[in-house]
Amino acid sequence: MVKSLTFCLLVFFLTLKSLCAQQIKVDVDSLMQAAINNSVINNPQKALEHYSYTTYEKTIITDSLERQTNSHSFFTEKVAINNYDAADGFKEEVLGFNMAGFEEPRYEVLGITLQSRSFYDEDFLIFNYRYAGPLSKRGLKNYEYQFVSDTVILGRPGYAVSFKPQRPETIPGLVGILYLDKASLALQKMHIALKDELVARIEQEYQYIESKDIYLPKSSKLYIEKGESSKRLSLFRGKVSIGTIENNPVKEAIQGRYMLSTSYNANYNLSEVEDLEHSNLAIEVMEDAEDKPESFWNRYRTQALSQRDLNSFDYLDNVVKTENIERRLAMINNFGIGYYTVDFFDFDLTYPLKFNNYEGLRLGLGGVTNAAFSKNYRVEGYAAYGFKDKVLKYGFGGGVLLNESHGAWLSLSYSDDLQETGSFNYLTDRRVYSLFEPRLVNITQFFDYKTFRLNQEYQITPKILSEFQFAKTNVLQTQDYTFALGDNTYSEYDITEATFGVRWSPSSKFMRSEKGTVEIYDGYPKITAQISKGMSGLLDGDFDFTRIGAKFFYQVERLNKSTTEFLIEGKMAFGEVPLTHLFHAYPNAPTKETVMQRFSVAGVNSFETMYFGEFFSDRLATLQVKHHLRPFNFGPKFQPEMVFITRYAIGDISNIDRHQDVTFGKLNKGFTETGFEINKILFGFGTSLTYRYGAYSLPNFSDNIAFKFTFNLQL
């Protein structure tokens, strides 16, 4: 009887404990849901129309967090005014910028997001690694919360709640404790202790503004150590050891194991402020920010620099000069956009080596002068030789800077070269750098041109880039083609054309300094549009026509590292338009009999099963969708990526009988292909398989298949 009673009591208490645990979980989830719902009134970016504060920030990279070494491996500090406006978001005005060791300030450091401003954000960034925001709308889907204790912070009672990611292998999340005001459930304080690809700790404290019943960030301490990731964490691009966090730095390297960044906010202003100048900039480095006297820094520093901090200036000054760091950084930055710098000249890396079916091997050399030659003038030129057609191609020109803040260059140039028949090039997308141009290998249809161009580049706003071009072109055919217009026929003709193009990046973020305006966050969508007018009679132009094109590119990046891309493009031409100036859908299938004979390199946005010269249109619309799965993790150096692709094109052409000595079809029934790629299998190489189906499916099954290799190289 006693044993039975004891057993019953044990079952009762275990059941009660289970029910209590479930009730606590329900209470915590309800508490967090309420806190997330209250972000409308607690998140300053939603609750306030305007606010601003000043920030002093110091960042070091060091070999030891103890006082054993005499100096740091990297030291920088800045003072900025952070202005928030509901319409334009945040703008940071950098009043002072101090970097040890460098004669020329390295403004690119300012564009790195060491950590996001708010834990209310959907994604929280730490050194450009993305994590789910613990107080975002997706918080309960991504985190497990647990009640820790009651608290009192700033004299106000609150709750401490711990959190950790539900699926850390799939959705990267933070680990830590957040402190919530009991009355409003606003964030009072936050501690993060993360051990993942990064080893990081964050401590954020907030200031309570009683007049607005809201908390604003007061201070933040960020500590980062390399974790399991094999990636270098560098404040600069490329393999330059300074400003780099490594797991096992060697003695000779100028690099550290730890980063520590501290920031302190003050001078809160919640009243309505005047309209900001250049509010569409995310960061603006103010004039003379790098030349502030010591009295300026003493005004904002929360404590005096330590002797170790001070020693860093002489130490790093010697290191930067001895290792020629500034020149190496300049070379790496230019290499990233396709140039190799030698003194006052930047060699263009798109020229040296190319291959296509018409020219065969094409060797070339070219480039443009840089600021070491002149900040207000530039001279450019190139020469290339095709070993199959045995013809020299060349171009030369120059430009003058009219307005530095708007990047307004006026240029005049001449070129004698080849262009693909049916291609439509957007002026504002003209420079797309790639060490290897995949589709170029397969192209067979070109026309020869000799062109004088007058170009005016102008950045209307940081987010809107424009360019105007006036060109006189003499066109020669490389293959049989005649354009019939009334009683006249043309195989050689002159085109006088005026073109205006614009590119809008509404979600990108930009920084302006004395070095110019640069993009610091690549946002989507990107919208490009262009219109050109051919004029007969003007400078001996033979044809009147109009060409219009526009494209929309959008990319969705998810926390699980999958990505979906959408590319929509439409083009139209009307008037007297020869074949050279019509449109194709960027075909990439060589005209050969078997699948293996057509084995070649896949393009980036080309139709892999559409044959060269198969279709031309004067009205064309295309849709491409790519879905990148999360990379397969087979080790730090083997992470292949599968991509599913679907492409669709529809078009039509009027007056097809004008185009003689050439045969092609209309695209008015709609062309469809679907396939997949497995990329980055070995040394950037992968493979792809695409299938053509629908209205333009071919009778032989094998003719509908494109089997190719892919090449993706990230520098």
# chains A, B, ... in the order shown; residues from 1 in each chain; ligands from 1

call {"tool": "select_by_dssp", "arguments": {"residues": "range 517-648 of chain A", "states": "helix (DSSP H, G or I)", "output": "count of residues only"}}
result
6

call {"tool": "select_by_dssp", "arguments": {"residues": "range 314-408 of chain A", "states": "strand (DSSP E or B)", "output": "tab-separated table (two decimals) with C-alpha atoms, in the first residue's frame"}}
result
chain	number	residue	atom	x	y	z
A	339	TYR	CA	42.71	46.21	-63.64
A	340	TYR	CA	46.39	45.64	-62.84
A	341	THR	CA	48.14	48.84	-61.80
A	342	VAL	CA	51.66	49.76	-62.86
A	345	PHE	CA	48.57	53.09	-65.83
A	346	ASP	CA	45.89	50.49	-65.08
A	347	PHE	CA	46.15	47.52	-67.45
A	348	ASP	CA	42.72	46.15	-68.36
A	353	LEU	CA	43.48	36.46	-73.65
A	354	LYS	CA	40.23	35.55	-75.39
A	355	PHE	CA	39.02	32.88	-77.78
A	356	ASN	CA	36.08	32.61	-80.20
A	360	GLY	CA	40.40	31.95	-82.84
A	361	LEU	CA	42.94	32.87	-80.21
A	362	ARG	CA	42.80	36.63	-79.54
A	363	LEU	CA	45.68	38.26	-77.69
A	364	GLY	CA	45.51	41.87	-76.62
A	365	LEU	CA	46.77	44.59	-74.32
A	366	GLY	CA	45.13	47.78	-73.14
A	367	GLY	CA	44.13	49.97	-70.24
A	368	VAL	CA	43.64	53.49	-68.94
A	369	THR	CA	45.63	56.05	-66.99
A	377	TYR	CA	42.12	63.69	-67.41
A	378	ARG	CA	42.45	60.14	-68.63
A	379	VAL	CA	43.89	58.46	-71.71
A	380	GLU	CA	42.96	54.93	-72.77
A	381	GLY	CA	43.68	52.50	-75.55
A	382	TYR	CA	44.01	48.86	-76.56
A	383	ALA	CA	45.15	46.58	-79.36
A	384	ALA	CA	44.24	42.93	-80.04
A	385	TYR	CA	45.08	40.40	-82.72
A	386	GLY	CA	43.06	37.36	-83.84
A	391	VAL	CA	43.24	41.08	-88.29
A	392	LEU	CA	44.43	43.69	-85.81
A	393	LYS	CA	41.72	45.39	-83.73
A	394	TYR	CA	42.38	48.54	-81.77
A	395	GLY	CA	40.89	51.53	-80.01
A	396	PHE	CA	42.01	54.73	-78.30
A	397	GLY	CA	40.51	57.75	-76.61
A	398	GLY	CA	40.58	60.21	-73.77
A	399	GLY	CA	38.35	61.94	-71.25
A	400	VAL	CA	38.03	64.98	-69.04
A	401	LEU	CA	36.40	65.13	-65.59
A	402	LEU	CA	33.67	67.77	-65.50
A	403	ASN	CA	32.23	67.15	-62.03
A	408	ALA	CA	30.80	63.30	-64.77

call {"tool": "residues_around", "arguments": {"residues": "Leu579 in chain A", "least_positions_apart": "5", "cutoff": "8 Å", "atoms": "only C-alpha atoms", "output": "ChimeraX atom specification"}}
result
/A:421-422,483,616,659

call {"tool": "write_last_selection", "arguments": {"atoms": "C-alpha atoms", "output": "compact mmCIF listing (two decimals), in the first residue's frame"}}
result
# COMPACT_ATOMS: atom_id res chain seq x y z
CA THR A 421 25.40 40.26 -84.47
CA GLY A 422 22.13 40.83 -82.61
CA PHE A 483 19.74 44.43 -95.98
CA PHE A 616 16.37 37.04 -84.49
CA HIS A 659 17.11 40.33 -94.43

call {"tool": "residues_around", "arguments": {"residues": "Ala304 in chain A", "least_positions_apart": "6", "cutoff": "12 Å", "atoms": "only C-alpha atoms", "output": "VMD selection string"}}
result
chain A and resid 58 294 to 295 297 to 298 310

call {"tool": "residues_around", "arguments": {"residues": "Gly675 in chain A", "least_positions_apart": "2", "cutoff": "10 Å", "atoms": "only C-alpha atoms", "output": "JSON, numbers by chain"}}
result
{"A": [608, 626, 643, 644, 645, 646, 647, 673, 677, 688, 689, 690, 691, 692, 705, 706, 707]}

call {"tool": "write_last_selection", "arguments": {"atoms": "C-alpha atoms", "output": "short mmCIF file (atom, residue, chain, number, x, y, z; two decimals), in the first residue's frame"}}
result
data_model
loop_
_atom_site.label_atom_id
_atom_site.label_comp_id
_atom_site.auth_asym_id
_atom_site.auth_seq_id
_atom_site.Cartn_x
_atom_site.Cartn_y
_atom_site.Cartn_z
CA GLU A 608 22.08 26.79 -73.72
CA LYS A 626 17.70 30.37 -61.08
CA VAL A 643 21.41 25.31 -59.32
CA PHE A 644 18.03 24.72 -61.00
CA ILE A 645 17.36 26.91 -64.05
CA THR A 646 14.36 27.71 -66.23
CA ARG A 647 14.43 30.10 -69.17
CA GLU A 673 14.39 25.24 -71.60
CA GLU A 677 24.12 23.07 -62.91
CA SER A 688 25.38 21.55 -66.53
CA LEU A 689 22.57 19.74 -68.32
CA THR A 690 19.72 21.60 -70.06
CA TYR A 691 16.67 20.31 -71.94
CA ARG A 692 14.68 22.14 -74.63
CA ILE A 705 19.96 18.45 -74.89
CA ALA A 706 22.90 20.67 -73.96
CA PHE A 707 25.61 19.08 -71.81
#

call {"tool": "closest_residue", "arguments": {"among": "A:Ile531, A:Lys509, A:Thr461, A:Leu440", "to": "Leu427 in chain A", "atoms": "only C-alpha atoms"}}
result
A:Ile531

call {"tool": "residues_around", "arguments": {"residues": "Val320 in chain A", "least_positions_apart": "5", "cutoff": "9 Å", "atoms": "only C-alpha atoms", "output": "MDAnalysis selection string"}}
result
chainID A and resid 101:102 242 315 325:326

call {"tool": "residues_around", "arguments": {"residues": "range 133-143 of chain A", "least_positions_apart": "4", "cutoff": "8 Å", "atoms": "only C-alpha atoms", "output": "list in words"}}
result
Asp29, Met32, Gln33, Ala35, Ile36, Asn37, Ser39, Phe119, Tyr120, Asp121, Glu122, Asp123, Phe124, Phe163, Lys164, Pro165, Gln166, Arg167, Ile171, Gly173 and Leu174 of chain A

call {"tool": "atom_distance", "arguments": {"atom1": "CA of Glu205 in chain A", "atom2": "CA of Val40 in chain A"}}
result
20.0 Å

call {"tool": "atom_distance", "arguments": {"atom1": "CA of Thr478 in chain A", "atom2": "CA of Phe545 in chain A"}}
result
22.7 Å

call {"tool": "atom_distance", "arguments": {"atom1": "CA of Asn442 in chain A", "atom2": "CA of Asn700 in chain A"}}
result
22.1 Å

call {"tool": "closest_residue", "arguments": {"among": "A:Thr563, A:Asn311, A:Thr528, A:Thr672", "to": "Pro631 in chain A", "atoms": "only C-alpha atoms"}}
result
A:Thr563
